[in-house]
Amino acid sequence: MISQPWQPSAKTLAAHYHTNPQTGLTTQLARDRLKQLGRNELTTKKQSRFIQFIKQFNNSIIYILTAAAVLTFLMHRYSDFIVIGLVIIANAIIGYVQERQAGNALERIRELLISKNIVIRDGVKREIDARDLVVGDLVVLEAGDAVPADLRLVAADNLSIQESILTGETNPVAKQAKPLPANNLPLAEQRNLAFASTAVTNGSGRGIVLAVADATQIGQIQGAVETVQPKPTPLMQNLNSLGVSLSVAIAVITMVVGSMPEGLPASTSVVLAMGTRKMTRQNVIVKTLPAVETLGAVDIVNTDKTGTLTKNEMTVTKVVTPEHAFTVTGVGYDDNGHISFDGDLELAHQKYSWQHDHAMRRLLRIAGQTTDAQLHFDHQNWQLTGEPTDGALTTLYRKLTGHDPVVHALDALPFDSANRFSARLVEQDDQHVLMVKGAPTSLLQLTTADTATDYWRAQLHRLTTSGLRGVALAERRVDPSVTRITPDLIRQLTLVGLVGIIDSPREEATTAIADLRRAGVQVKMITGDHPDTAVAIAQKLRLADHVRALTGPEMDALSDAQLAAVIDNYNVFARTTPANKLRIVQAQQANHHVVSMTGDGVNDAPALKQADIGVAMGIKGTEVAKEAADMVLVDDDFTDIVAAVFEGRHVFDNIRKTIRFLLPTSFAEGLVVILSILLGQQLPLYPAQLLWINMVSALTIQFAFIFEPAADTIMTRGPRDVRRGLLSKLDTFEITYVALLISGLGIGVFDYLTRLGLPVVIGSTMTLNVIIFGKIFYLFNLRNDHPVISRYFFQNQMAFYIVGLLILLQLGIIYLPAMQLIFNTTSIAFWDGWGIPLLAGTVVLVVTEIGKAIRFHVLPKFKR
């Protein structure tokens with residue numbers, strides 16, 4: 001690729017790439033280049049299936065279990081070795097399958113988004129897949145097309161391209177075909193180049209392909225994104241920390257292998273997998289298992305404005321003429337609505353007869369003649385072809401006149417971001433009229449001296465402080481001999497009026513923000529808009545009680561440390577560049593926030609990957625954004641984030657309950673053995689019985705928490721502090737006393753029965769039953785924070801089925817001769833054999849219920 005491709009002429013460029021600016025490549029040369037250079041597709045570092053599978057073993061608990069498996073093998077305890085090994089492998093399979101399913105879902109989205117483009121080869125126009133483009137191809141661009149590769153334009157007719165995914169600039173960029181002599185032009189000023197993944201909003205053109213696939217600007221950014229190193233999610237950090245603590249505890253108290261909570265990884269993976277499946281049903285694709293929980297831990301959600309919090313449908317809501325100010329009803333591109341006097345409560349609901357207002361007729365005429373937007377109704381929605389501002393003017397014209405504008409243009413001057421206006425020369429009533437629309441500050445400088453400048457500036461200030469973007473409409477009659485627009489023609493204009501345009505906030509976004517705020521999650525808006533406009537939109541969305549904005553230039557003046565010191569004081573970031581977004585996320589993380597970032601553009605990708613959880617848009621999101629993100633909103637609906645926060649918190653609650661259940665009940669088995677040795681008495685449980693307890697728990701009772709419904713308070717409490725880990729001091733105390741309680745009851749029953757002279761096998765069988773019933777009753781204590789006897793008792797019906805299955809298995813091991821032989825059990829009398837374990841379980845339930853009452857009702861009073 002030429003180092004500065006904006007400089008050469010079209011002829012020189014064509015010669016370099018062996019193509020023709022009129023007839024394009026030959027078919028044979030295109031085939032040869034495709035075969036030699038490959039398809040026009042972004043490549044990603046896809047891991048092999050083997051590596052994806054191996055990654056599932058990368059956490060400290062799995063390391064401990066692996067060490068335990070090796071130890072049991074060396075001790076010739078092969079049954080224990082097999083059970084632990086199966087748990088480790090099952091955990092890996094669950095994580096692997098989920099990641100593969102998320103990847104397949106993303107591939108299906110990619111297939112839907114593959115574009116087709118018109119290409120000239122051998123002088124003939126033909127439609128081909130963008131993937132089949134090669135360097136040197138001559139691509140035809142029309143309004144509505146996606147630019148399929150990096151192009152050097154050789155023809156441009158009123159061509160404008162939306163490049164916000166690369167530059168972050170909201171307005172489309174007017175393009176040209178002539179060479180640019182400057183050196184080292186920044187991307188935003190390369191006006192004769194078009195870039196892959198941008199969109200044509202207006203006009204037409206042709207361009208020679210300069211770069212495809214990874215060599216494009218979007219491909220280079222993706223390469224940079226891949227250098228950002230992902231970090232473990234808060235949940236995985238907590239689990240790894242827990243694993244280290246467990247290994248230390250086990251080493252200290254030298255517990256037997258039977259006390260290892262080997263069911264923990266499998267249970268965690270199943271809980272996460274169920275959460276991801278629920279999110280998939282809600283059109284949210286979660287790419288890795290831990291990601292679903294991460295969004296439940298976030299305390300900041302950064303989001304862009306346009307199309308996410310707003311409809312991305314520009315609407316004229318205010319009109320100002322030299323005599324009056326008006327309000328326009330209706331939202332979006334729907335042409336239902338009317339105009340009424342602004343600020344007059346008595347006349348606010350009455351339609352204004354604009355047909356008798358000379359200034360309004362002139363304003364509407366300019367609006368209709370200077371717009372190129374076309375609207376059509378499709379799939380229950382209005383679809384826009386053209387620029388959003390033009391769409392708002394077309395809609396205004398249709399609302400008031402009842403029909404589409406008919407343009408009588410003699411010549412047109414496209415929008416130029418340097419001048420910030422566009423113009424059109426039209427024929428009207430046998431006269432030639434120059435009509436101009438653009439930024440009010442620009443047009444005010446071009447108006448006649450007698451224009452009421454102070455009046456217009458005051459009206460403009462009123463619009464911008466209301467969150468509206470002002471567009472000025474002006475005109476000038478010219479001599480009928482004038483048929484072309486020249487720069488000296490655009491002067492001495494008469495300002496006919498102002499229109500106030502807003503991208504209306506989504507009603508569902510307002511509701512979602514309110515839900516997140518109740519959940520203790522701050523929502524921060526990041527936009528390229530003017531700070532006054534951004535603040536006004538934020539206030540309409542009720543983003544915060546006190547909205548404060550920080551601009552990109554103000555951020556640029558701060559060091560990283562200074563930005564981190566003040567970042568929490570702001571909830572709106574305006575006039576931001578792509579680099580600002582990454583710094584915002586980094587500054588928030590420096591203050592120990594768990595940060596979510598939503599985005600759709602290439603320029604969002606570094607921030608998406610830096611965030612604790614990146615959320616990309618499935619429809620308007622670029623491939624780079626979706627690759628960098630951890631989660632994809634298939635239908636681009638911001639409200640799905642609320643559902644994800646809910647599910648993330650629900651998942652964490654159930655994982656935490658599982659851990660709080662597994663640790664004391666697993667330790668209780670080891671304590672039965674350790675305490676018996678310390679007390680110098682016979683071991684109450686045989687190794688096979690310890691294996692049974694672990695195996696049957698792994699298959700049944702611990703999975704009851706997977707089906708536990710979410711707590712009523714899940715979206716009214718604040719986010720969890722990830723720095724505190726998974727277990728609090730109270731949790732540790734509870735784990736200790738419950739493990740001692742269950743093991744003590746088991747040892748006590750065994751000692752009591754053997755002192756009565758009963759055979760050891762009966763004592764062991766009864767002890768086995770006591771441990772199992774201790775687990776069952778502790779399960780009902782842990783299910784929720786309410787008293788066990790309450791309206792929540794039957795809420796989780798699956799728990800009763802699981803307990804029923806466990807009891808059936810216990811009946812089998814105790815009364816089936818084959819099972820008795822394997823597990824050293826014997827038949828026991830019904831009343832004693834089941835009554836004593838029921839009594840022991842009741843003791844566990846009563847003690848833990850007292851502990852729960854103290855924890856949730858007594859201790860909080862002392863903290864007030």
# chains A, B, ... in the order shown; residues from 1 in each chain; ligands from 1

call {"tool": "select_by_dssp", "arguments": {"residues": "stretch 549-579 of chain A", "states": "helix (DSSP H, G or I)", "output": "list of chain:residue names"}}
result
A:Gly552, A:Pro553, A:Glu554, A:Met555, A:Asp556, A:Asp560, A:Ala561, A:Gln562, A:Leu563, A:Ala564, A:Ala565, A:Val566, A:Ile567, A:Asp568, A:Asn569, A:Pro578, A:Ala579

call {"tool": "atom_distance", "arguments": {"atom1": "atom CA of A:Pro388", "atom2": "atom CA of A:Val547"}}
result
26.7 Å

call {"tool": "residues_around", "arguments": {"residues": "A:Ile513", "least_positions_apart": "5", "cutoff": "10 Å", "atoms": "only C-alpha atoms", "output": "ChimeraX atom specification"}}
result
/A:301,309,508,518-519,521-524,541-544,638-639,641-642

call {"tool": "write_last_selection", "arguments": {"atoms": "N, CA and C atoms", "output": "CSV table (one decimal), in the first residue's frame"}}
result
chain,number,residue,atom,x,y,z
A,301,VAL,N,-21.7,1.6,35.0
A,301,VAL,CA,-22.0,1.2,33.6
A,301,VAL,C,-21.7,2.4,32.7
A,309,LEU,N,-28.9,5.0,24.5
A,309,LEU,CA,-29.8,5.7,25.4
A,309,LEU,C,-30.9,6.5,24.7
A,508,GLU,N,-37.6,3.2,27.4
A,508,GLU,CA,-37.1,2.0,28.1
A,508,GLU,C,-35.7,2.2,28.7
A,518,ARG,N,-31.4,2.2,41.3
A,518,ARG,CA,-32.0,1.6,42.5
A,518,ARG,C,-31.1,0.4,43.0
A,519,ALA,N,-30.4,-0.2,42.0
A,519,ALA,CA,-29.5,-1.3,42.3
A,519,ALA,C,-28.1,-0.9,42.8
A,521,VAL,N,-26.0,1.0,41.0
A,521,VAL,CA,-25.1,1.0,39.9
A,521,VAL,C,-25.2,2.4,39.2
A,522,GLN,N,-24.0,3.1,39.1
A,522,GLN,CA,-24.0,4.4,38.5
A,522,GLN,C,-23.9,4.2,36.9
A,523,VAL,N,-24.7,5.0,36.2
A,523,VAL,CA,-24.7,5.0,34.8
A,523,VAL,C,-24.0,6.3,34.3
A,524,LYS,N,-22.9,6.1,33.5
A,524,LYS,CA,-22.2,7.3,33.0
A,524,LYS,C,-22.3,7.3,31.5
A,541,LEU,N,-33.0,11.8,31.0
A,541,LEU,CA,-32.9,10.4,31.3
A,541,LEU,C,-32.8,10.1,32.8
A,542,ARG,N,-32.7,11.2,33.6
A,542,ARG,CA,-32.5,11.1,35.0
A,542,ARG,C,-31.3,10.2,35.4
A,543,LEU,N,-30.2,10.6,34.7
A,543,LEU,CA,-29.0,9.8,34.9
A,543,LEU,C,-28.5,9.9,36.3
A,544,ALA,N,-28.7,11.0,36.9
A,544,ALA,CA,-28.2,11.2,38.3
A,544,ALA,C,-29.0,12.4,38.9
A,638,PHE,N,-30.6,-1.6,25.5
A,638,PHE,CA,-29.9,-1.3,26.7
A,638,PHE,C,-30.6,-1.9,28.0
A,639,THR,N,-31.9,-2.2,27.9
A,639,THR,CA,-32.6,-2.8,29.0
A,639,THR,C,-32.1,-4.2,29.3
A,641,ILE,N,-29.2,-5.0,29.8
A,641,ILE,CA,-28.1,-4.8,30.8
A,641,ILE,C,-28.7,-5.0,32.2
A,642,VAL,N,-29.9,-4.5,32.4
A,642,VAL,CA,-30.6,-4.6,33.7
A,642,VAL,C,-30.8,-6.1,34.0

call {"tool": "residues_around", "arguments": {"residues": "stretch 196-203 of chain A", "least_positions_apart": "6", "cutoff": "6 Å", "atoms": "only C-alpha atoms", "output": "short mmCIF file (atom, residue, chain, number, x, y, z; two decimals) with N, CA, C and O atoms, in the first residue's frame"}}
result
data_model
loop_
_atom_site.label_atom_id
_atom_site.label_comp_id
_atom_site.auth_asym_id
_atom_site.auth_seq_id
_atom_site.Cartn_x
_atom_site.Cartn_y
_atom_site.Cartn_z
N ALA A 143 -25.59 5.65 -1.44
CA ALA A 143 -26.13 5.92 -0.10
C ALA A 143 -26.70 4.63 0.48
O ALA A 143 -27.44 3.90 -0.19
N GLY A 144 -26.35 4.35 1.72
CA GLY A 144 -26.82 3.15 2.40
C GLY A 144 -25.83 2.00 2.37
O GLY A 144 -25.99 1.02 3.10
N ASP A 145 -24.78 2.10 1.53
CA ASP A 145 -23.79 1.03 1.44
C ASP A 145 -22.86 1.04 2.64
O ASP A 145 -22.56 2.10 3.20
N ALA A 146 -22.38 -0.15 3.00
CA ALA A 146 -21.25 -0.26 3.93
C ALA A 146 -19.97 -0.29 3.11
O ALA A 146 -19.88 -1.03 2.12
N VAL A 147 -19.01 0.51 3.47
CA VAL A 147 -17.74 0.53 2.76
C VAL A 147 -17.02 -0.78 3.08
O VAL A 147 -16.78 -1.09 4.24
N PRO A 148 -16.67 -1.58 2.05
CA PRO A 148 -16.19 -2.94 2.31
C PRO A 148 -14.69 -3.07 2.54
O PRO A 148 -14.22 -4.11 2.98
N ALA A 149 -13.91 -2.04 2.19
CA ALA A 149 -12.46 -2.08 2.33
C ALA A 149 -11.96 -0.64 2.37
O ALA A 149 -12.74 0.30 2.21
N ASP A 150 -10.67 -0.47 2.58
CA ASP A 150 -10.11 0.88 2.51
C ASP A 150 -9.95 1.27 1.03
O ASP A 150 -9.32 0.54 0.26
N ASP A 157 -19.68 12.22 -5.87
CA ASP A 157 -20.77 13.13 -6.20
C ASP A 157 -21.61 13.35 -4.94
O ASP A 157 -22.41 12.50 -4.57
N ASN A 158 -21.38 14.50 -4.28
CA ASN A 158 -22.11 14.81 -3.06
C ASN A 158 -22.01 13.67 -2.04
O ASN A 158 -22.96 13.33 -1.36
N LEU A 159 -20.84 13.06 -1.98
CA LEU A 159 -20.62 11.86 -1.17
C LEU A 159 -20.29 12.22 0.28
O LEU A 159 -19.39 13.01 0.53
N SER A 160 -21.04 11.62 1.20
CA SER A 160 -20.76 11.78 2.64
C SER A 160 -20.72 10.40 3.27
O SER A 160 -21.53 9.52 2.93
N ILE A 161 -19.80 10.22 4.19
CA ILE A 161 -19.61 8.91 4.84
C ILE A 161 -19.56 9.10 6.36
O ILE A 161 -18.89 10.00 6.86
N GLN A 162 -20.30 8.26 7.05
CA GLN A 162 -20.30 8.27 8.51
C GLN A 162 -19.12 7.45 9.01
O GLN A 162 -19.05 6.24 8.81
N GLU A 163 -18.16 8.11 9.66
CA GLU A 163 -16.92 7.47 10.10
C GLU A 163 -16.80 7.40 11.62
O GLU A 163 -15.71 7.24 12.16
N GLY A 386 -30.22 8.33 4.26
CA GLY A 386 -29.70 9.68 4.29
C GLY A 386 -29.19 10.04 5.66
O GLY A 386 -29.06 9.18 6.54
N GLU A 387 -28.91 11.31 5.88
CA GLU A 387 -28.36 11.78 7.14
C GLU A 387 -29.47 12.02 8.16
O GLU A 387 -30.58 12.43 7.81
#

call {"tool": "atom_distance", "arguments": {"atom1": "atom CA of A:Gly718", "atom2": "atom CA of A:Asp653"}}
result
13.3 Å
